[in-house]
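Participant: Next up, protein36.csv (CSV, C-alpha atoms).
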chain,number,residue,atom,x,y,z
A,1,MET,CA,44.4,-55.6,-74.1
A,2,MET,CA,48.0,-56.4,-75.0
A,3,ASP,CA,47.1,-58.3,-78.1
A,4,ARG,CA,45.2,-55.2,-79.4
A,5,ILE,CA,48.2,-53.0,-78.6
A,6,LYS,CA,50.5,-55.2,-80.5
A,7,VAL,CA,48.2,-55.2,-83.5
A,8,VAL,CA,48.3,-51.3,-83.6
A,9,LEU,CA,52.1,-51.3,-83.3
A,10,ASP,CA,52.5,-53.9,-86.0
A,11,GLU,CA,50.4,-51.7,-88.4
A,12,LEU,CA,52.5,-48.7,-87.5
A,13,ASN,CA,55.8,-50.6,-88.0
A,14,GLN,CA,54.7,-51.6,-91.5
A,15,SER,CA,54.0,-48.0,-92.5
A,16,LYS,CA,57.3,-46.1,-92.2
A,17,PRO,CA,56.9,-42.4,-92.9
A,18,GLN,CA,58.9,-41.1,-95.8
A,19,GLY,CA,62.2,-39.5,-94.7
A,20,GLN,CA,62.2,-41.0,-91.2
A,21,MET,CA,64.9,-43.3,-89.8
A,22,ASN,CA,64.2,-47.0,-89.8
A,23,MET,CA,62.5,-47.5,-86.5
A,24,ARG,CA,60.6,-50.1,-84.6
A,25,LEU,CA,57.9,-49.5,-82.0
A,26,ARG,CA,57.1,-52.1,-79.3
A,27,VAL,CA,56.0,-52.6,-75.8
A,28,LEU,CA,58.4,-54.1,-73.3
A,29,GLU,CA,57.7,-57.6,-72.1
A,30,ASP,CA,58.8,-59.6,-69.1
A,31,ASP,CA,62.1,-60.7,-70.6
A,32,ASP,CA,63.0,-57.0,-71.3
A,33,TYR,CA,63.0,-56.4,-67.5
A,34,LYS,CA,65.5,-59.2,-67.1
A,35,ASN,CA,67.9,-58.5,-69.9
A,36,GLY,CA,68.3,-54.8,-69.2
A,37,VAL,CA,66.2,-53.2,-71.9
A,38,SER,CA,64.0,-51.6,-69.3
A,39,ASP,CA,67.1,-50.0,-67.8
A,40,GLN,CA,67.9,-48.5,-71.3
A,41,ALA,CA,64.3,-47.1,-71.5
A,42,SER,CA,64.7,-45.6,-68.0
A,43,ALA,CA,68.0,-44.1,-69.0
A,44,VAL,CA,66.4,-42.4,-72.1
A,45,LEU,CA,63.6,-41.0,-70.0
A,46,ALA,CA,66.0,-39.8,-67.3
A,47,ASP,CA,68.1,-38.1,-70.0
A,48,ALA,CA,65.1,-36.4,-71.5
A,49,PHE,CA,63.7,-35.2,-68.1
A,50,HIS,CA,66.9,-33.8,-66.9
A,51,SER,CA,65.9,-30.4,-68.3
A,52,TYR,CA,62.4,-30.6,-66.7
A,53,GLY,CA,61.9,-27.5,-64.4
A,54,ALA,CA,60.2,-29.5,-61.6
A,55,PHE,CA,63.5,-31.2,-60.9
A,56,ASP,CA,65.4,-27.9,-60.9
A,57,TRP,CA,62.8,-26.7,-58.3
A,58,LEU,CA,63.4,-29.8,-56.2
A,59,ALA,CA,67.2,-30.0,-56.5
A,60,GLU,CA,67.8,-26.3,-55.7
A,61,VAL,CA,67.3,-27.1,-52.0
A,62,GLU,CA,70.7,-28.7,-51.9
A,63,PRO,CA,72.9,-26.2,-50.1
A,64,ASP,CA,76.2,-27.3,-51.7
A,65,PRO,CA,76.3,-25.8,-55.3
A,66,ASP,CA,78.7,-28.5,-56.4
A,67,LYS,CA,76.2,-31.2,-55.6
A,68,VAL,CA,73.0,-29.7,-57.1
A,69,ASP,CA,73.4,-31.3,-60.5
A,70,THR,CA,74.1,-34.7,-59.0
A,71,MET,CA,71.1,-34.3,-56.7
A,72,LYS,CA,69.0,-33.5,-59.8
A,73,LYS,CA,70.2,-36.6,-61.6
A,74,ARG,CA,69.3,-38.7,-58.6
A,75,LEU,CA,65.9,-37.2,-58.3
A,76,VAL,CA,65.1,-37.8,-62.0
A,77,LYS,CA,66.3,-41.4,-61.8
A,78,TYR,CA,64.1,-41.9,-58.7
A,79,ALA,CA,61.1,-40.4,-60.4
A,80,VAL,CA,61.5,-42.6,-63.5
A,81,ALA,CA,61.9,-45.7,-61.2
A,82,VAL,CA,58.7,-44.8,-59.3
A,83,GLY,CA,56.8,-44.3,-62.6
A,84,GLU,CA,57.9,-47.7,-63.9
A,85,CYS,CA,56.8,-49.4,-60.6
A,86,LEU,CA,53.4,-47.7,-60.8
A,87,LEU,CA,52.8,-48.7,-64.4
A,88,ARG,CA,53.7,-52.3,-63.7
A,89,SER,CA,51.4,-52.5,-60.7
A,90,SER,CA,48.6,-50.7,-62.6
A,91,GLY,CA,48.4,-52.7,-65.8
A,92,GLY,CA,50.3,-50.1,-67.9
A,93,PHE,CA,53.1,-50.4,-70.4
A,94,THR,CA,56.5,-49.0,-71.4
A,95,LEU,CA,56.5,-48.2,-75.1
A,96,VAL,CA,59.9,-47.9,-76.8
A,97,ALA,CA,61.2,-46.8,-80.1
A,98,GLU,CA,64.2,-48.7,-81.4
A,99,ARG,CA,66.4,-47.5,-84.3
A,100,VAL,CA,67.2,-50.4,-86.7
A,101,ASP,CA,70.5,-50.1,-88.4
A,102,ASN,CA,71.4,-51.6,-91.8
A,103,ASP,CA,73.1,-54.6,-90.1
A,104,GLY,CA,70.0,-55.4,-88.2
A,105,SER,CA,71.3,-54.1,-84.8
A,106,THR,CA,69.0,-51.9,-82.7
A,107,SER,CA,69.4,-49.1,-80.3
A,108,LEU,CA,66.7,-47.6,-78.0
A,109,VAL,CA,66.1,-44.0,-78.8
A,110,GLY,CA,62.7,-43.1,-77.2
A,111,ALA,CA,60.4,-44.3,-74.5
A,112,LEU,CA,57.0,-43.7,-72.9
A,113,HIS,CA,55.4,-44.7,-69.6
A,114,SER,CA,51.6,-44.9,-69.4
A,115,TRP,CA,49.0,-46.7,-67.3
A,116,PRO,CA,45.2,-46.8,-67.0
A,117,GLU,CA,43.4,-44.7,-64.3
A,118,THR,CA,39.8,-44.1,-63.4
A,119,ASP,CA,37.8,-41.2,-62.0
A,120,ARG,CA,38.0,-41.7,-58.2
A,121,LYS,CA,35.2,-40.6,-56.0
A,122,GLY,CA,37.5,-39.8,-53.1
A,123,GLY,CA,36.0,-42.3,-50.7
A,124,PHE,CA,37.7,-44.4,-48.0
A,125,LEU,CA,38.2,-47.3,-50.3
A,126,ASP,CA,39.9,-45.2,-53.0
A,127,SER,CA,42.1,-43.6,-50.4
A,128,LEU,CA,43.0,-47.0,-49.0
A,129,LYS,CA,43.9,-48.4,-52.5
A,130,SER,CA,46.0,-45.4,-53.2
A,131,ALA,CA,47.8,-45.7,-49.9
A,132,PHE,CA,48.6,-49.4,-50.5
A,133,ARG,CA,49.9,-48.6,-53.9
A,134,ASP,CA,52.2,-45.9,-52.6
A,135,ILE,CA,53.5,-48.3,-49.9
A,136,ARG,CA,54.3,-50.9,-52.5
A,137,VAL,CA,56.2,-48.4,-54.5
A,138,LEU,CA,58.3,-47.3,-51.5
A,139,PHE,CA,59.0,-50.9,-50.7
A,140,ARG,CA,60.2,-51.7,-54.2
A,141,VAL,CA,62.0,-48.4,-55.1
A,142,GLY,CA,63.1,-47.2,-51.6
A,143,LEU,CA,63.1,-43.8,-50.1
A,144,PRO,CA,63.9,-40.7,-52.1
A,145,PRO,CA,67.5,-39.4,-52.2
A,146,ALA,CA,68.7,-37.2,-49.3
A,147,THR,CA,70.6,-33.9,-49.5
A,148,SER,CA,73.8,-33.1,-47.6
A,149,THR,CA,72.0,-31.6,-44.6
A,150,TRP,CA,68.9,-32.7,-42.6
A,151,LYS,CA,67.4,-29.2,-42.9
A,152,SER,CA,67.6,-29.2,-46.7
A,153,THR,CA,66.4,-32.9,-46.9
A,154,ARG,CA,63.3,-31.9,-44.9
A,155,LEU,CA,62.7,-29.0,-47.3
A,156,LEU,CA,63.1,-31.5,-50.2
A,157,LEU,CA,60.5,-33.8,-48.7
A,158,ASN,CA,58.1,-30.9,-48.2
A,159,ARG,CA,58.5,-30.0,-51.9
A,160,MET,CA,58.0,-33.6,-53.0
A,161,SER,CA,54.9,-33.8,-50.8
A,162,ALA,CA,53.6,-30.6,-52.5
A,163,CYS,CA,53.9,-32.4,-55.8
A,164,PHE,CA,51.1,-34.7,-54.8
A,165,ILE,CA,48.9,-31.9,-56.2
A,166,PHE,CA,49.6,-33.4,-59.6
A,167,GLU,CA,47.4,-36.4,-58.7
A,168,THR,CA,44.8,-34.2,-57.1
A,169,LYS,CA,44.6,-31.9,-60.1
A,170,ARG,CA,44.5,-34.8,-62.5
A,171,GLU,CA,41.5,-36.2,-60.6
A,172,GLU,CA,39.9,-32.7,-60.7
A,173,ALA,CA,40.5,-32.4,-64.4
A,174,MET,CA,38.9,-35.8,-65.1
A,175,ILE,CA,35.8,-35.4,-62.8
A,176,GLY,CA,32.7,-36.9,-64.5
A,177,HIS,CA,34.9,-39.3,-66.5
A,178,PRO,CA,34.3,-42.7,-64.9
A,179,GLU,CA,35.7,-44.7,-67.8
A,180,PRO,CA,39.3,-45.8,-67.5
A,181,TYR,CA,41.8,-43.4,-69.3
A,182,TRP,CA,45.5,-43.5,-69.9
A,183,TYR,CA,47.7,-41.4,-67.7
A,184,LEU,CA,50.8,-40.6,-69.9
A,185,CYS,CA,53.3,-40.2,-67.1
A,186,LYS,CA,56.5,-39.7,-69.1
A,187,ILE,CA,57.6,-39.5,-72.8
A,188,GLY,CA,61.1,-38.8,-73.9
A,189,VAL,CA,63.7,-39.1,-76.7
A,190,SER,CA,67.4,-39.6,-76.3
A,191,SER,CA,69.3,-36.3,-76.6
A,192,ASN,CA,71.4,-37.6,-79.6
A,193,ALA,CA,68.2,-38.6,-81.5
A,194,GLN,CA,66.0,-35.5,-81.1
A,195,GLY,CA,64.6,-33.7,-84.1
A,196,CYS,CA,64.1,-36.8,-86.1
A,197,GLY,CA,60.3,-37.2,-85.5
A,198,ILE,CA,60.7,-39.9,-82.9
A,199,GLY,CA,58.6,-38.1,-80.3
A,200,ARG,CA,55.8,-37.6,-82.8
A,201,ARG,CA,56.0,-41.3,-83.8
A,202,ILE,CA,55.8,-42.5,-80.2
A,203,MET,CA,52.8,-40.2,-79.5
A,204,GLN,CA,51.1,-41.3,-82.6
A,205,ALA,CA,51.4,-44.9,-81.4
A,206,HIS,CA,49.9,-44.1,-78.0
A,207,THR,CA,47.0,-42.1,-79.4
A,208,ARG,CA,46.2,-45.0,-81.8
A,209,ILE,CA,46.4,-47.5,-79.0
A,210,ALA,CA,44.0,-45.3,-76.9
A,211,ASP,CA,41.6,-45.0,-79.9
A,212,ALA,CA,41.7,-48.8,-80.4
A,213,LEU,CA,40.7,-49.3,-76.8
A,214,ASP,CA,38.2,-46.4,-76.7
A,215,MET,CA,40.1,-44.5,-74.0
A,216,ASP,CA,41.1,-40.9,-73.4
A,217,ILE,CA,44.7,-39.8,-72.4
A,218,TYR,CA,45.7,-37.3,-69.8
A,219,LEU,CA,49.2,-35.7,-69.3
A,220,GLU,CA,50.9,-32.8,-67.7
A,221,THR,CA,53.5,-30.4,-69.1
A,222,GLU,CA,55.2,-27.2,-67.9
A,223,THR,CA,56.4,-25.7,-71.2
A,224,GLU,CA,54.5,-23.9,-73.9
A,225,GLN,CA,56.5,-25.6,-76.6
A,226,LEU,CA,55.4,-29.0,-75.5
A,227,MET,CA,51.8,-27.8,-74.9
A,228,LYS,CA,51.6,-26.7,-78.5
A,229,PHE,CA,53.0,-30.1,-79.6
A,230,TYR,CA,50.4,-31.9,-77.6
A,231,GLU,CA,47.7,-29.7,-79.0
A,232,LYS,CA,48.7,-30.9,-82.4
A,233,CYS,CA,48.3,-34.5,-81.1
A,234,GLY,CA,44.7,-33.8,-80.2
A,235,PHE,CA,45.1,-32.7,-76.6
A,236,ASN,CA,43.3,-29.7,-75.0
A,237,VAL,CA,44.2,-27.9,-71.7
A,238,ARG,CA,41.8,-29.0,-69.0
A,239,ILE,CA,43.4,-27.3,-66.0
A,240,GLU,CA,46.3,-24.8,-65.2
A,241,TYR,CA,47.8,-24.6,-61.7
A,242,LYS,CA,51.0,-24.1,-59.7
A,243,VAL,CA,52.8,-26.2,-57.1
A,244,GLU,CA,53.2,-24.3,-53.8
A,245,CYS,CA,55.3,-25.1,-50.8
A,246,LYS,CA,55.6,-22.9,-47.7
A,247,GLY,CA,58.9,-21.0,-47.7
A,248,SER,CA,59.5,-21.6,-51.4
A,249,ALA,CA,58.7,-19.9,-54.7
A,250,PRO,CA,56.0,-21.8,-56.5
A,251,LEU,CA,56.6,-24.1,-59.4
A,252,GLU,CA,54.4,-22.7,-62.2
A,253,PRO,CA,52.7,-23.0,-64.6
A,254,ILE,CA,51.6,-26.6,-64.9
A,255,TRP,CA,49.1,-27.5,-67.6
A,256,GLY,CA,47.0,-30.7,-67.3
A,257,MET,CA,45.9,-31.8,-70.8
A,258,ARG,CA,43.3,-34.3,-72.0
A,259,ARG,CA,42.9,-36.0,-75.4
A,260,ILE,CA,39.4,-37.3,-76.0
A,261,LYS,CA,39.4,-40.7,-77.8
A,262,HIS,CA,39.4,-40.5,-81.6
A,263,ALA,CA,40.4,-36.8,-81.5
A,264,LEU,CA,42.1,-35.5,-84.7
A,265,ASN,CA,45.9,-35.6,-84.8
A,266,GLN,CA,47.7,-32.9,-86.7
A,267,THR,CA,51.2,-34.2,-86.3
Do you think you could lay out the structure here as structure tokens?

Facilitator:
Amino acid sequence: MMDRIKVVLDELNQSKPQGQMNMRLRVLEDDDYKNGVSDQASAVLADAFHSYGAFDWLAEVEPDPDKVDTMKKRLVKYAVAVGECLLRSSGGFTLVAERVDNDGSTSLVGALHSWPETDRKGGFLDSLKSAFRDIRVLFRVGLPPATSTWKSTRLLLNRMSACFIFETKREEAMIGHPEPYWYLCKIGVSSNAQGCGIGRRIMQAHTRIADALDMDIYLETETEQLMKFYEKCGFNVRIEYKVECKGSAPLEPIWGMRRIKHALNQT
């Protein structure tokens, strides 16, 4: 699989769109997790997801107003770490965009986390596999951050538990689709490099990879602006829902979107 992915990226790297910065797309390899490149990718994603409403919804349980933003940053960092752990244990990849300067030096400006999933039948074996995967993640990443009081920490855990509906709704949206598909968990561009077409380029790379492997892609979004962007990339809304937690206002709306393999891109 990785050889075919590299072929797709090589083709894209050889065809630089007119007017775009000199950029290289690649998938992180084992050495990148040792020399800190993966940390740079995680930092880019954390920066991009700091404005994601779900983390506002989670962080607002912190009773000390001066600590809310810090709590939000910790939650984003934790979520990115969990995503990286899941993709590495599921045969996924981290796709990065690196800006190449005139002197040959590079700087990481965009990243994407994605891994293959299958339509689960909801039986005992699937539940057991999911439980073991979650345990491995907790073992490697640790427990989520705590707030300044036990009461608010308990509310935070309740809201985080409510977010498991993302997985339930993903399975619901992909019912009847037994073939493996890509779950695009996170995509982001560094705040100082947005508006340069990097996000489109990263998404183009992922859709071409999915087409080369005859696989669909599924993702979630909570903003109409991003929903319209994904529609131009060939995605269609499969499901709309809200995240509810007792004693809290719901987090809504969430759109689950699917791109069927070889769908037309308009970006």

Participant: Mind checking which residues fall within 6 Å of Lys261 of chain A, counting all atoms listed in the file, ignoring those fewer than 3 positions away in the same chain, and posting them as number ranges by chain?

Facilitator: A: 211, 214-216

Participant: Using all atoms listed in the file, which residue out of A:Lys77, A:Arg26, A:Arg200, A:Lys16 lies closest to Leu95 of chain A?

Facilitator: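 The closest residue to Leu95 of chain A is A:Arg26.
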
Participant: To one decimal in Å, tell me the separation between atom CA of Pro116 of chain A and atom CA of Gln194 of chain A.

Facilitator: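 It comes out at 27.6 Å.
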
Participant: At what distance in Å, to one decimal, does atom CA of Val243 of chain A lie from atom CA of Phe55 of chain A?

Facilitator: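 Value for the atom CA of Phe55 of chain A-atom CA of Val243 of chain A distance: 12.4 Å.
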
Participant: Between atom CA of Ala81 of chain A and atom CA of Val141 of chain A, measure the distance and give it in Å to one decimal.

Facilitator: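 Going from atom CA of Ala81 of chain A over to atom CA of Val141 of chain A covers 6.7 Å.
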
Participant: Near Lys169 of chain A, within 9 Å and counting all atoms listed in the file, which residues show up once chain neighbours fewer than 4 positions away are dropped, as an NGL selection string?

Facilitator: :A and (164-165 or 173-174 or 239-241 or 256)

Participant: Counting all atoms listed in the file, which residue out of A:Trp182, A:Trp255, A:Phe166, A:Tyr33 sits closest to Thr221 of chain A?

Facilitator: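 Closest residue, counting all atoms listed in the file: A:Trp255.
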
Participant: So that I can check the surroundings of Ile209 of chain A, please list as number ranges by chain every protein, DNA and RNA residue that reaches within 8 Å of it, counting only C-alpha atoms and ignoring chain neighbours fewer than 2 positions away.

Facilitator: A: 4-5, 8, 205-207, 211-213

Participant: Using only C-alpha atoms, pick whichever of A:Gln40, A:Asn22, A:Ser105, A:Ser114 has the shortest atom-to-atom distance to Gly91 of chain A.

Facilitator: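 When distances to Gly91 of chain A are compared using only C-alpha atoms, the smallest one comes from A:Ser114.
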
Participant: Calculated over only C-alpha atoms, which of the candidates A:Leu251, A:Met1, A:Leu219, A:Met227 has the smallest distance to Ile187 of chain A?

Facilitator: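 Nearest to Ile187 of chain A: A:Leu219.
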
Participant: Smallest atom-to-atom distance to Lys186 of chain A: which of A:Ala111, A:Met2, A:Val96, A:Leu75, using only C-alpha atoms?

Facilitator: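 Once distances to Lys186 of chain A are computed over only C-alpha atoms, the minimum belongs to A:Ala111.
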
Participant: Check the smallest atom-to-atom distance from each of A:Val76, A:Val109, A:Leu86, A:Ala54 to Val37 of chain A using all atoms listed in the file, then report the winner.

Facilitator: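 Between A:Val76, A:Val109, A:Leu86, A:Ala54, the residue approaching Val37 of chain A most closely is A:Val109.
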